[in-house]
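Text of run.tsv (TSV, C-alpha atoms) as supplied:
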chain	number	residue	atom	x	y	z
A	116	MET	CA	-21.05	-78.24	-24.68
A	117	LYS	CA	-21.26	-74.67	-23.47
A	118	SER	CA	-17.56	-74.48	-22.69
A	119	LYS	CA	-16.73	-75.70	-26.19
A	120	PHE	CA	-18.56	-72.77	-27.79
A	121	ILE	CA	-16.77	-69.99	-25.96
A	122	PRO	CA	-13.46	-70.09	-27.89
A	123	VAL	CA	-15.33	-70.35	-31.15
A	124	LEU	CA	-17.51	-67.39	-30.32
A	125	LEU	CA	-14.52	-65.41	-29.17
A	126	SER	CA	-12.59	-66.09	-32.30
A	127	VAL	CA	-15.60	-65.17	-34.42
A	128	ALA	CA	-15.99	-61.96	-32.40
A	129	ILE	CA	-12.32	-61.14	-32.81
A	130	ALA	CA	-12.49	-61.81	-36.53
A	131	LEU	CA	-15.56	-59.60	-36.84
A	132	SER	CA	-14.10	-56.80	-34.74
A	133	ALA	CA	-10.84	-56.98	-36.70
A	134	CYS	CA	-12.75	-56.58	-39.92
A	135	SER	CA	-14.81	-53.67	-38.68
A	136	SER	CA	-12.02	-51.78	-36.87
A	137	ALA	CA	-9.23	-52.20	-39.49
A	138	PRO	CA	-9.47	-49.08	-41.73
A	139	LEU	CA	-9.77	-50.26	-45.30
A	140	THR	CA	-7.14	-48.55	-47.45
A	141	THR	CA	-4.68	-49.30	-50.23
A	142	SER	CA	-1.20	-48.02	-50.94
A	143	THR	CA	-2.56	-46.02	-53.89
A	144	LEU	CA	-5.14	-44.35	-51.65
A	145	ASP	CA	-2.46	-43.60	-49.01
A	146	GLN	CA	-0.32	-42.04	-51.68
A	147	ALA	CA	-3.23	-39.99	-53.02
A	148	ARG	CA	-3.96	-38.73	-49.49
A	149	ASN	CA	-0.30	-37.73	-48.98
A	150	ASP	CA	-0.21	-36.02	-52.36
A	151	HIS	CA	-3.40	-34.17	-51.45
A	152	VAL	CA	-1.87	-32.88	-48.19
A	153	ALA	CA	1.24	-31.72	-50.11
A	154	ALA	CA	-0.87	-29.96	-52.77
A	155	GLN	CA	-2.98	-28.26	-50.11
A	156	SER	CA	0.13	-26.77	-48.51
A	157	ASN	CA	1.39	-25.51	-51.88
A	158	SER	CA	0.35	-21.86	-52.09
A	159	ALA	CA	0.64	-21.91	-55.90
A	160	VAL	CA	-2.03	-24.63	-56.05
A	161	THR	CA	-4.43	-22.75	-53.78
A	162	GLN	CA	-3.74	-19.56	-55.75
A	163	TYR	CA	-3.62	-20.69	-59.38
A	164	ALA	CA	-5.33	-24.12	-59.66
A	165	VAL	CA	-8.54	-23.73	-57.64
A	166	PRO	CA	-10.97	-25.62	-59.96
A	167	GLU	CA	-8.44	-28.37	-60.70
A	168	PHE	CA	-7.72	-28.84	-57.01
A	169	LYS	CA	-11.45	-28.88	-56.25
A	170	ALA	CA	-11.96	-31.65	-58.82
A	171	ALA	CA	-9.00	-33.56	-57.36
A	172	THR	CA	-10.43	-33.20	-53.84
A	173	GLU	CA	-13.81	-34.53	-55.03
A	174	ALA	CA	-12.08	-37.50	-56.65
A	175	LEU	CA	-10.19	-38.21	-53.42
A	176	ASN	CA	-13.43	-37.89	-51.43
A	177	ALA	CA	-15.02	-40.47	-53.74
A	178	ALA	CA	-12.07	-42.84	-53.14
A	179	ASN	CA	-12.28	-42.24	-49.36
A	180	ALA	CA	-16.02	-42.89	-49.45
A	181	ALA	CA	-15.46	-46.15	-51.32
A	182	ALA	CA	-12.91	-47.14	-48.68
A	183	ALA	CA	-15.32	-46.25	-45.86
A	184	ASP	CA	-17.99	-48.22	-47.69
A	185	ARG	CA	-15.59	-51.19	-47.63
A	186	GLN	CA	-15.91	-51.63	-51.35
A	187	SER	CA	-13.53	-53.84	-53.31
A	188	THR	CA	-9.82	-53.04	-53.36
A	189	GLU	CA	-10.04	-52.73	-57.14
A	190	LYS	CA	-12.78	-50.14	-56.88
A	191	ILE	CA	-10.86	-48.16	-54.24
A	192	ASP	CA	-7.63	-48.36	-56.26
A	193	GLN	CA	-9.43	-47.21	-59.37
A	194	LEU	CA	-10.83	-44.13	-57.66
A	195	ALA	CA	-7.60	-43.46	-55.74
A	196	TYR	CA	-5.54	-43.63	-58.92
A	197	VAL	CA	-7.78	-41.14	-60.69
A	198	ALA	CA	-7.62	-38.87	-57.62
A	199	LYS	CA	-3.81	-39.13	-57.49
A	200	GLN	CA	-3.48	-38.15	-61.14
A	201	LYS	CA	-5.91	-35.25	-60.70
A	202	ILE	CA	-3.91	-33.99	-57.72
A	203	ALA	CA	-0.72	-34.16	-59.83
A	204	THR	CA	-2.57	-32.36	-62.63
A	205	ALA	CA	-3.55	-29.57	-60.22
A	206	GLN	CA	0.13	-29.23	-59.22
A	207	GLU	CA	1.18	-29.00	-62.88
A	208	VAL	CA	-1.54	-26.49	-63.73
A	209	ALA	CA	-0.44	-24.37	-60.78
A	210	ARG	CA	3.18	-24.57	-61.95
A	211	ALA	CA	2.18	-23.57	-65.50
A	212	ARG	CA	0.08	-20.59	-64.39
A	213	LYS	CA	2.79	-19.43	-62.01
A	214	ALA	CA	5.31	-19.68	-64.84
A	215	GLU	CA	2.98	-17.60	-67.01
A	216	VAL	CA	2.81	-14.93	-64.30
A	217	ASP	CA	6.62	-15.07	-63.95
A	218	LEU	CA	6.95	-14.75	-67.71
A	219	LYS	CA	4.75	-11.67	-67.73
A	220	GLN	CA	6.77	-10.05	-64.95
A	221	ALA	CA	10.07	-10.97	-66.61
A	222	SER	CA	8.84	-9.51	-69.91
A	223	GLN	CA	7.99	-6.26	-68.16
A	224	GLN	CA	11.42	-6.27	-66.51
A	225	ARG	CA	13.02	-6.92	-69.89
A	226	ASP	CA	11.19	-3.96	-71.41
A	227	GLN	CA	12.28	-1.84	-68.46
A	228	VAL	CA	15.93	-2.90	-68.77
A	229	ARG	CA	15.85	-2.35	-72.53
A	230	LEU	CA	14.49	1.13	-71.98
A	231	GLU	CA	17.23	1.83	-69.45
A	232	ALA	CA	19.83	0.48	-71.89
A	233	ARG	CA	18.54	2.76	-74.65
A	234	THR	CA	18.63	5.72	-72.27
A	235	VAL	CA	22.21	4.94	-71.30
A	236	GLU	CA	23.13	4.49	-74.97
A	237	ALA	CA	21.60	7.81	-75.87
A	238	GLU	CA	23.38	9.52	-72.99
A	239	THR	CA	26.67	7.93	-73.97
A	240	ALA	CA	26.19	9.02	-77.57
A	241	LYS	CA	25.33	12.53	-76.43
A	242	ARG	CA	28.38	12.63	-74.16
A	243	SER	CA	30.71	11.42	-76.89
A	244	ALA	CA	29.20	13.90	-79.34
A	245	GLU	CA	29.78	16.69	-76.86
A	246	GLN	CA	33.30	15.44	-76.28
A	247	ALA	CA	33.97	15.29	-80.01
A	248	GLN	CA	32.65	18.81	-80.38
A	249	ALA	CA	34.84	20.03	-77.52
A	250	GLU	CA	37.83	18.31	-79.08
A	251	ALA	CA	37.09	19.87	-82.45
A	252	GLU	CA	36.76	23.24	-80.73
A	253	ALA	CA	40.10	22.74	-78.98
A	254	ALA	CA	41.77	21.64	-82.21
A	255	ARG	CA	40.41	24.71	-83.98
A	256	ALA	CA	41.69	26.93	-81.18
A	257	ARG	CA	45.10	25.26	-81.34
A	258	ALA	CA	45.17	25.70	-85.11
A	259	GLU	CA	44.26	29.36	-84.73
A	260	GLN	CA	46.94	29.77	-82.13
A	261	ALA	CA	49.50	28.05	-84.33
A	262	ASN	CA	48.39	30.20	-87.23
A	263	ALA	CA	48.73	33.32	-85.15
A	264	ALA	CA	52.15	32.18	-83.96
A	265	THR	CA	53.20	31.57	-87.55
A	266	GLN	CA	51.92	34.96	-88.57
A	267	ASN	CA	53.65	36.51	-85.63
A	268	ALA	CA	56.90	34.75	-86.50
A	269	GLN	CA	56.54	35.85	-90.11
A	270	GLN	CA	55.89	39.42	-89.03
A	271	GLN	CA	58.89	39.25	-86.75
A	272	THR	CA	61.07	37.85	-89.52
A	273	GLN	CA	59.84	40.55	-91.89
A	274	ALA	CA	60.46	43.21	-89.28
A	275	LEU	CA	63.95	41.87	-88.65
A	276	ALA	CA	64.69	41.76	-92.36
A	277	ALA	CA	63.53	45.36	-92.69
A	278	GLN	CA	65.53	46.45	-89.68
A	279	LEU	CA	68.64	44.63	-90.90
A	280	ALA	CA	68.21	46.18	-94.34
A	281	GLU	CA	68.12	49.56	-92.69
A	282	LEU	CA	71.38	48.71	-90.91
A	283	GLN	CA	72.85	47.63	-94.27
A	284	ALA	CA	73.57	44.21	-92.82
A	285	LYS	CA	75.33	41.54	-94.86
A	286	GLN	CA	74.73	37.81	-94.58
A	287	THR	CA	77.97	35.84	-94.08
A	288	GLU	CA	78.93	32.37	-92.88
A	289	ARG	CA	79.50	33.70	-89.35
A	290	GLY	CA	76.12	35.38	-89.20
A	291	THR	CA	74.66	38.78	-90.10
A	292	ILE	CA	77.32	41.46	-90.07
A	293	ILE	CA	76.59	45.18	-89.56
A	294	THR	CA	79.48	47.51	-90.19
A	295	LEU	CA	79.72	50.80	-88.32
A	296	GLY	CA	81.98	53.01	-90.41
A	297	ASP	CA	84.62	55.44	-89.12
A	298	VAL	CA	82.27	58.38	-89.62
A	299	LEU	CA	80.11	57.12	-86.78
A	300	PHE	CA	82.93	57.79	-84.30
A	301	ASN	CA	84.65	61.05	-83.42
A	302	VAL	CA	88.10	61.22	-84.97
A	303	ASP	CA	90.59	59.02	-83.14
A	304	GLN	CA	88.13	58.64	-80.24
A	305	ALA	CA	85.91	55.88	-78.89
A	306	VAL	CA	82.84	58.11	-78.76
A	307	LEU	CA	79.89	57.47	-81.00
A	308	THR	CA	78.51	60.36	-83.03
A	309	SER	CA	74.78	60.98	-83.02
A	310	GLY	CA	74.62	59.00	-86.28
A	311	GLY	CA	76.46	56.12	-84.54
A	312	GLN	CA	74.09	56.32	-81.58
A	313	ALA	CA	71.10	56.10	-83.92
A	314	THR	CA	72.54	53.00	-85.58
A	315	VAL	CA	73.21	51.34	-82.20
A	316	GLN	CA	69.63	52.15	-81.11
A	317	LYS	CA	68.35	50.31	-84.19
A	318	LEU	CA	70.59	47.36	-83.32
A	319	ALA	CA	69.29	47.42	-79.72
A	320	THR	CA	65.74	47.20	-81.09
A	321	VAL	CA	66.70	44.14	-83.15
A	322	LEU	CA	68.26	42.48	-80.08
A	323	ARG	CA	65.29	43.30	-77.88
A	324	GLU	CA	62.91	41.70	-80.38
A	325	ASN	CA	65.16	38.67	-81.02
A	326	THR	CA	66.15	37.51	-77.57
A	327	ASP	CA	67.63	34.25	-78.88
A	328	ARG	CA	70.40	36.12	-80.70
A	329	THR	CA	73.70	37.41	-79.33
A	330	VAL	CA	76.26	39.81	-80.79
A	331	LEU	CA	80.04	39.96	-81.14
A	332	ILE	CA	81.43	43.47	-81.54
A	333	GLU	CA	84.79	43.64	-83.32
A	334	GLY	CA	86.86	46.80	-83.54
A	335	PHE	CA	89.41	47.53	-86.30
A	336	THR	CA	91.77	50.43	-87.19
A	337	ASP	CA	94.03	51.38	-90.06
A	338	SER	CA	97.77	50.83	-89.88
A	339	THR	CA	98.59	54.45	-88.94
A	340	GLY	CA	100.04	54.88	-85.48
A	341	SER	CA	101.43	52.33	-83.01
A	342	THR	CA	100.07	48.86	-82.88
A	343	ALA	CA	99.35	49.19	-79.17
A	344	HIS	CA	97.44	52.42	-79.69
A	345	ASN	CA	95.47	50.86	-82.52
A	346	LEU	CA	94.58	47.76	-80.46
A	347	GLN	CA	93.49	49.94	-77.60
A	348	LEU	CA	91.45	52.22	-79.84
A	349	SER	CA	89.71	49.31	-81.59
A	350	GLN	CA	88.96	47.73	-78.22
A	351	ARG	CA	87.55	50.98	-76.78
A	352	ARG	CA	85.40	51.63	-79.84
A	353	ALA	CA	83.94	48.13	-79.56
A	354	GLU	CA	83.38	48.71	-75.83
A	355	ALA	CA	81.66	52.00	-76.60
A	356	VAL	CA	79.15	50.12	-78.73
A	357	ARG	CA	78.58	47.62	-75.92
A	358	SER	CA	78.01	50.47	-73.42
A	359	ALA	CA	75.54	52.11	-75.78
A	360	LEU	CA	73.70	48.77	-76.13
A	361	ALA	CA	73.72	48.31	-72.34
A	362	GLN	CA	72.21	51.76	-71.93
A	363	ALA	CA	69.53	50.72	-74.44
A	364	GLY	CA	68.72	47.78	-72.14
A	365	ILE	CA	70.67	44.94	-73.73
A	366	ASP	CA	72.26	42.62	-71.17
A	367	ARG	CA	76.08	42.64	-71.29
A	368	SER	CA	76.09	38.82	-71.27
A	369	ARG	CA	74.62	38.89	-74.77
A	370	VAL	CA	77.36	41.14	-76.05
A	371	ASP	CA	80.97	40.04	-76.66
A	372	VAL	CA	83.73	42.47	-77.51
A	373	ARG	CA	87.07	42.10	-79.42
A	374	GLY	CA	89.64	44.66	-80.48
A	375	TYR	CA	91.80	43.60	-83.41
A	376	GLY	CA	93.70	46.83	-84.09
A	377	GLU	CA	95.08	47.04	-87.59
A	378	ALA	CA	94.54	43.31	-88.27
A	379	TYR	CA	91.99	42.13	-90.83
A	380	PRO	CA	91.97	45.20	-93.08
A	381	VAL	CA	89.17	45.35	-95.64
A	382	ALA	CA	91.18	47.67	-97.94
A	383	GLY	CA	94.74	48.86	-98.51
A	384	ASN	CA	96.21	51.47	-96.16
A	385	GLU	CA	97.72	53.63	-98.95
A	386	SER	CA	94.95	56.11	-99.70
A	387	ALA	CA	93.00	58.08	-97.11
A	388	GLY	CA	89.76	56.57	-98.45
A	389	ASP	CA	91.00	53.00	-98.00
A	390	ARG	CA	92.30	53.77	-94.51
A	391	GLN	CA	88.89	55.14	-93.59
A	392	LEU	CA	87.32	51.84	-94.72
A	393	ASN	CA	89.67	49.96	-92.41
A	394	ARG	CA	88.69	52.12	-89.43
A	395	ARG	CA	85.44	50.40	-88.52
A	396	VAL	CA	83.44	48.37	-86.00
A	397	GLU	CA	81.80	45.16	-87.22
A	398	ILE	CA	78.86	43.78	-85.31
A	399	VAL	CA	78.23	40.06	-85.87
A	400	LEU	CA	74.63	39.09	-85.09
A	401	SER	CA	74.30	35.37	-84.29
A	402	GLU	CA	71.77	33.03	-85.85
A	403	PRO	CA	68.92	32.26	-83.37
A	404	GLY	CA	70.24	30.11	-80.48
A	405	LYS	CA	73.67	29.55	-82.07
A	406	PRO	CA	77.09	30.82	-80.94
A	407	ILE	CA	79.16	33.02	-83.20
A	408	GLN	CA	82.15	31.41	-84.87
A	409	ALA	CA	85.47	33.01	-83.95
A	410	ARG	CA	87.36	34.89	-86.64
A	411	ARG	CA	90.06	32.71	-88.28
B	235	MET	CA	-46.56	-69.87	-71.06
B	236	SER	CA	-49.58	-68.30	-69.51
B	237	PRO	CA	-50.31	-64.60	-70.03
B	238	ARG	CA	-50.11	-64.16	-66.29
B	239	TYR	CA	-46.36	-64.54	-66.47
B	240	THR	CA	-45.82	-62.84	-69.82
B	241	LEU	CA	-45.87	-59.27	-68.61
B	242	PRO	CA	-43.44	-59.72	-65.71
B	243	MET	CA	-41.11	-61.69	-67.96
B	244	LEU	CA	-41.15	-58.97	-70.58
B	245	LEU	CA	-40.55	-56.34	-67.96
B	246	ALA	CA	-37.65	-58.25	-66.52
B	247	THR	CA	-36.10	-58.72	-69.94
B	248	ALA	CA	-36.52	-55.03	-70.74
B	249	ALA	CA	-34.97	-54.13	-67.42
B	250	LEU	CA	-32.00	-56.39	-68.13
B	251	LEU	CA	-31.55	-54.98	-71.62
B	252	SER	CA	-31.83	-51.43	-70.45
B	253	ALA	CA	-29.30	-52.19	-67.74
B	254	CYS	CA	-26.93	-53.48	-70.39
B	255	ALA	CA	-27.56	-50.48	-72.59
B	256	SER	CA	-27.11	-48.04	-69.70
B	257	GLN	CA	-23.68	-49.58	-68.90
B	258	LYS	CA	-22.58	-49.65	-72.52
B	259	THR	CA	-23.33	-45.99	-73.26
B	260	PRO	CA	-21.23	-44.37	-70.48
B	261	ALA	CA	-18.30	-46.72	-71.20
B	262	THR	CA	-18.35	-45.75	-74.87
B	263	ALA	CA	-18.52	-42.09	-73.91
B	264	ASP	CA	-15.65	-42.52	-71.40
B	265	VAL	CA	-13.43	-44.10	-74.06
B	266	ALA	CA	-14.26	-41.32	-76.53
B	267	VAL	CA	-13.48	-38.62	-73.97
B	268	SER	CA	-10.18	-40.34	-73.11
B	269	ARG	CA	-9.22	-40.56	-76.77
B	270	ALA	CA	-9.79	-36.82	-77.13
B	271	ALA	CA	-7.73	-36.20	-73.97
B	272	VAL	CA	-4.84	-38.28	-75.37
B	273	GLU	CA	-5.00	-36.30	-78.62
B	274	ASN	CA	-4.94	-33.00	-76.75
B	275	ALA	CA	-1.94	-34.14	-74.70
B	276	THR	CA	-0.10	-35.18	-77.86
B	277	GLN	CA	-0.77	-31.82	-79.45
B	278	ALA	CA	0.54	-30.09	-76.33
B	279	GLY	CA	3.87	-31.88	-76.85
B	280	ALA	CA	3.47	-34.51	-74.14
B	281	ALA	CA	5.31	-37.12	-76.24
B	282	GLU	CA	8.45	-35.13	-75.61
B	283	LEU	CA	7.71	-33.40	-72.31
B	284	ALA	CA	5.70	-36.08	-70.41
B	285	PRO	CA	6.44	-39.38	-72.18
B	286	ALA	CA	5.71	-41.70	-69.24
B	287	GLU	CA	2.26	-40.27	-68.56
B	288	LEU	CA	1.33	-40.19	-72.24
B	289	LEU	CA	2.45	-43.78	-72.72
B	290	ALA	CA	0.37	-44.90	-69.71
B	291	ALA	CA	-2.65	-43.06	-71.10
B	292	ARG	CA	-2.27	-44.65	-74.53
B	293	GLU	CA	-1.89	-48.16	-73.14
B	294	LYS	CA	-4.93	-47.79	-70.90
B	295	LEU	CA	-6.91	-46.35	-73.80
B	296	GLN	CA	-6.04	-49.39	-75.90
B	297	GLN	CA	-7.00	-51.74	-73.08
B	298	ALA	CA	-10.25	-49.83	-72.60
B	299	SER	CA	-11.06	-50.13	-76.31
B	300	ARG	CA	-10.38	-53.86	-76.12
B	301	ALA	CA	-12.61	-54.19	-73.05
B	302	LEU	CA	-15.31	-52.25	-74.89
B	303	ALA	CA	-15.07	-54.69	-77.81
B	304	ASP	CA	-15.27	-57.56	-75.32
B	305	LYS	CA	-18.39	-55.93	-73.88
B	306	ASP	CA	-16.70	-55.61	-70.47
B	307	TYR	CA	-18.16	-52.16	-69.93
B	308	LYS	CA	-17.19	-51.84	-66.28
B	309	LEU	CA	-13.50	-52.47	-67.04
B	310	ALA	CA	-13.68	-50.29	-70.16
B	311	SER	CA	-15.06	-47.41	-68.14
B	312	ASP	CA	-12.49	-47.78	-65.34
B	313	LEU	CA	-9.57	-47.92	-67.77
B	314	ALA	CA	-10.93	-45.02	-69.79
B	315	GLN	CA	-11.19	-42.89	-66.65
B	316	GLN	CA	-7.61	-43.73	-65.70
B	317	ALA	CA	-6.44	-43.04	-69.25
B	318	GLN	CA	-8.20	-39.68	-69.13
B	319	ALA	CA	-6.56	-38.77	-65.82
B	320	ASP	CA	-3.16	-39.82	-67.21
B	321	ALA	CA	-3.69	-37.84	-70.42
B	322	LYS	CA	-4.74	-34.68	-68.59
B	323	LEU	CA	-1.70	-34.97	-66.34
B	324	ALA	CA	0.53	-35.46	-69.40
B	325	GLN	CA	-0.98	-32.38	-71.04
B	326	SER	CA	-0.63	-30.17	-67.96
B	327	LYS	CA	2.95	-31.40	-67.47
B	328	ALA	CA	3.83	-30.48	-71.06
B	329	THR	CA	2.16	-27.09	-70.69
B	330	SER	CA	3.92	-26.32	-67.42
B	331	ALA	CA	7.29	-27.43	-68.83
B	332	LYS	CA	6.88	-25.09	-71.79
B	333	ALA	CA	5.68	-22.19	-69.65
B	334	THR	CA	8.52	-22.72	-67.18
B	335	SER	CA	11.20	-22.78	-69.86
B	336	ALA	CA	9.71	-19.69	-71.52
B	337	ALA	CA	9.76	-17.86	-68.18
B	338	ASN	CA	13.31	-19.04	-67.48
B	339	GLU	CA	14.45	-17.87	-70.88
B	340	VAL	CA	13.09	-14.39	-70.42
B	341	GLN	CA	14.44	-14.23	-66.87
B	342	GLU	CA	17.85	-15.20	-68.26
B	343	ASN	CA	17.45	-12.49	-70.92
B	344	VAL	CA	16.73	-9.96	-68.21
B	345	ARG	CA	19.79	-11.08	-66.25
B	346	VAL	CA	22.08	-10.75	-69.30
B	347	LEU	CA	20.59	-7.38	-70.28
B	348	ARG	CA	21.02	-6.10	-66.74
B	349	GLU	CA	24.66	-7.21	-66.74
B	350	GLU	CA	25.25	-5.40	-70.01
B	351	LEU	CA	23.53	-2.34	-68.63
B	352	ASP	CA	25.69	-2.42	-65.49
B	353	ARG	CA	28.80	-2.66	-67.64
B	354	ALA	CA	27.63	0.22	-69.81
B	355	ASN	CA	26.91	2.30	-66.72
B	356	LYS	CA	30.39	1.69	-65.35
B	357	GLN	CA	32.06	2.91	-68.50

The structure in this file should be written as structure tokens.
Amino acid sequence: MKSKFIPVLLSVAIALSACSSAPLTTSTLDQARNDHVAAQSNSAVTQYAVPEFKAATEALNAANAAAADRQSTEKIDQLAYVAKQKIATAQEVARARKAEVDLKQASQQRDQVRLEARTVEAETAKRSAEQAQAEAEAARARAEQANAATQNAQQQTQALAAQLAELQAKQTERGTIITLGDVLFNVDQAVLTSGGQATVQKLATVLRENTDRTVLIEGFTDSTGSTAHNLQLSQRRAEAVRSALAQAGIDRSRVDVRGYGEAYPVAGNESAGDRQLNRRVEIVLSEPGKPIQARR
Amino acid sequence: MSPRYTLPMLLATAALLSACASQKTPATADVAVSRAAVENATQAGAAELAPAELLAAREKLQQASRALADKDYKLASDLAQQAQADAKLAQSKATSAKATSAANEVQENVRVLREELDRANKQ
């Protein structure tokens, strides 16, 4: 009899101890506990959702108490579910408040960046205005310079025209021609008179002021005397003009010389007057930068 | 029935009635609070931003109303409390989604503006 009872008692004891030692929980409660641990370690929750998290913790405590009280699974699940949703709500509230703080900071940053952008814009505008002003200034200076150059060129042209008029120059196809008459040389000699010297000085002035022009000096005689003598004389008279120009500072390379003797008369050789016209030196002044065409 | 038993009987009946009444009142209040919570969540845009939670809240609210009509106050109260928890979660989810997207938008604005500024500075 006694031996029969022992297994029964043992099994009853085991059953009882199993009941008392097995912690009563449900999967919903386990989940709520895990969620609670996760929320607790989220700094945003502890910073931004204090009352919500407190309410969630109280709800979880109620569920835990029901489990400890060994109440019905339905009761525990009910409380655990509410706790789980409250924990999730605390997480969402924390996320929302953090986003609001982020939004505020981002708005301030946006204002800051906009301000910087306006500053840069203003500086750029100022710089380009200054640049435009400088460019306008430069353009004005260039215009003034060009104007001055034009005026200068005009003055030079006027001066040249006046000087050439003084030299009784004639415009021809070959260039401007200045004729030095016989009276500007000593009779039958290649020596310039003081009048001839004065004319050559004027020509030297023209050449000094118009460096892009060159001259060809051509000597002529009348038909009196030997051809050889006449060629020589015309050549020496032309050379005399070149020497006078060289003394006045005109480079010899700018001055060409020809003696034609009695060739190319400008008048008959019958009367003394006509012969005097033929005894002459013609100075051909080139156009600026152009060579002088040879006599044909 | 003798008057000796009348008073205890009356007391017992009153106690029973009051017990019924005390269960009915909180359940009715719970359902009303849950209904308000569902409305708040809907207004916060939960239909779009937290549809699952809002749907759960609505279904539980309906079930709670039915339980209330069936005079199952315990069930009505439980369901109403769950519906309320669901609705509050739906509302906070919608709010956090809106706040997050607003913050992201402005942060994106700042990024774009800063890029433009950097480009302008390099010129």

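By only C-alpha atoms, and with residues fewer than 3 positions from region 321-334 of chain B along its chain excluded, the set lying at most 7 Å from it is Gln200, Ala203, Thr204, Glu207, Val208, Arg210, Ala211, Ala214 and Glu215 of chain A; Ala271, Val272, Asn274, Ala275, Ala278, Gly279, Ala280, Leu283, Ala284, Glu287, Leu288, Ala291, Ala317, Gln318, Ala337 and Asn338 of chain B.
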
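Atom pair CA of Arg353 (chain B) / CA of Gln246 (chain A): separated by 20.6 Å.
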
- Quick one: distance from CA of Ile293 (chain A) to CA of Gly334 (chain A) in Å, one decimal?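 Calculated distance between CA of Ile293 (chain A) and CA of Gly334 (chain A) is 12.0 Å.
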
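Relative to CA of Ala181 (chain A), CA of Ser158 (chain A) is found at 29.0 Å.
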
- Compile the contact shell of Gln408 (chain A) as a list in words: residues with an atom at most 10 Å away, counting only C-alpha atoms, same-chain residues fewer than 3 positions apart removed. Glu288, Arg289, Gly290, Leu331, Val399, Ser401, Lys405 and Arg411 of chain A

Between chain A and chain B, at 12 Å or less, what are the per-residue closest atom pairs and their distances in Å? Count only C-alpha atoms, order by chain and rising residue number, and return it as a Markdown table.
| residue | atom | partner | partner_atom | distance |
| --- | --- | --- | --- | --- |
| A:Ala164 | CA | B:Ser326 | CA | 11.3 |
| A:Glu167 | CA | B:Lys322 | CA | 10.8 |
| A:Ala170 | CA | B:Ala319 | CA | 11.4 |
| A:Ala171 | CA | B:Ala319 | CA | 10.2 |
| A:Ala174 | CA | B:Ala319 | CA | 10.8 |
| A:Glu189 | CA | B:Asp312 | CA | 9.9 |
| A:Lys190 | CA | B:Asp312 | CA | 8.8 |
| A:Ile191 | CA | B:Asp312 | CA | 11.2 |
| A:Asp192 | CA | B:Asp312 | CA | 10.3 |
| A:Gln193 | CA | B:Asp312 | CA | 6.7 |
| A:Leu194 | CA | B:Asp312 | CA | 8.7 |
| A:Ala195 | CA | B:Gln316 | CA | 10.0 |
| A:Tyr196 | CA | B:Gln316 | CA | 7.1 |
| A:Val197 | CA | B:Gln316 | CA | 5.6 |
| A:Ala198 | CA | B:Ala319 | CA | 8.3 |
| A:Lys199 | CA | B:Ala319 | CA | 8.8 |
| A:Gln200 | CA | B:Ala319 | CA | 5.6 |
| A:Lys201 | CA | B:Ala319 | CA | 6.2 |
| A:Ile202 | CA | B:Leu323 | CA | 9.0 |
| A:Ala203 | CA | B:Leu323 | CA | 6.6 |
| A:Thr204 | CA | B:Leu323 | CA | 4.6 |
| A:Ala205 | CA | B:Ser326 | CA | 8.3 |
| A:Gln206 | CA | B:Ser326 | CA | 8.8 |
| A:Glu207 | CA | B:Lys327 | CA | 5.5 |
| A:Val208 | CA | B:Ser326 | CA | 5.7 |
| A:Ala209 | CA | B:Ser330 | CA | 8.2 |
| A:Arg210 | CA | B:Ser330 | CA | 5.8 |
| A:Ala211 | CA | B:Ser330 | CA | 3.8 |
| A:Arg212 | CA | B:Ser330 | CA | 7.5 |
| A:Lys213 | CA | B:Thr334 | CA | 8.4 |
| A:Ala214 | CA | B:Thr334 | CA | 5.0 |
| A:Glu215 | CA | B:Ala333 | CA | 5.9 |
| A:Val216 | CA | B:Ala337 | CA | 8.5 |
| A:Asp217 | CA | B:Ala337 | CA | 6.0 |
| A:Leu218 | CA | B:Ala337 | CA | 4.2 |
| A:Lys219 | CA | B:Ala337 | CA | 8.0 |
| A:Gln220 | CA | B:Gln341 | CA | 8.9 |
| A:Ala221 | CA | B:Gln341 | CA | 5.5 |
| A:Ser222 | CA | B:Val340 | CA | 6.5 |
| A:Gln223 | CA | B:Val344 | CA | 9.5 |
| A:Gln224 | CA | B:Val344 | CA | 6.7 |
| A:Arg225 | CA | B:Val344 | CA | 5.1 |
| A:Asp226 | CA | B:Val344 | CA | 8.8 |
| A:Gln227 | CA | B:Val344 | CA | 9.3 |
| A:Val228 | CA | B:Arg348 | CA | 6.3 |
| A:Arg229 | CA | B:Leu347 | CA | 7.3 |
| A:Leu230 | CA | B:Leu351 | CA | 10.2 |
| A:Glu231 | CA | B:Leu351 | CA | 7.6 |
| A:Ala232 | CA | B:Leu351 | CA | 5.7 |
| A:Arg233 | CA | B:Leu351 | CA | 9.3 |
| A:Thr234 | CA | B:Leu351 | CA | 10.1 |
| A:Val235 | CA | B:Asn355 | CA | 7.1 |
| A:Glu236 | CA | B:Ala354 | CA | 8.1 |
| A:Ala237 | CA | B:Ala354 | CA | 11.4 |
| A:Glu238 | CA | B:Asn355 | CA | 10.2 |
| A:Thr239 | CA | B:Ala354 | CA | 8.8 |
| A:Ala240 | CA | B:Ala354 | CA | 11.8 |
| A:Arg242 | CA | B:Gln357 | CA | 11.8 |

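Around Ala382 (chain A), within 10 Å and counting all atoms listed in the file, the residues found are Asp337, Gly388, Asp389, Arg390, Gln391, Leu392, Asn393 and Arg394 of chain A, once anything fewer than 6 positions away on its own chain is removed.
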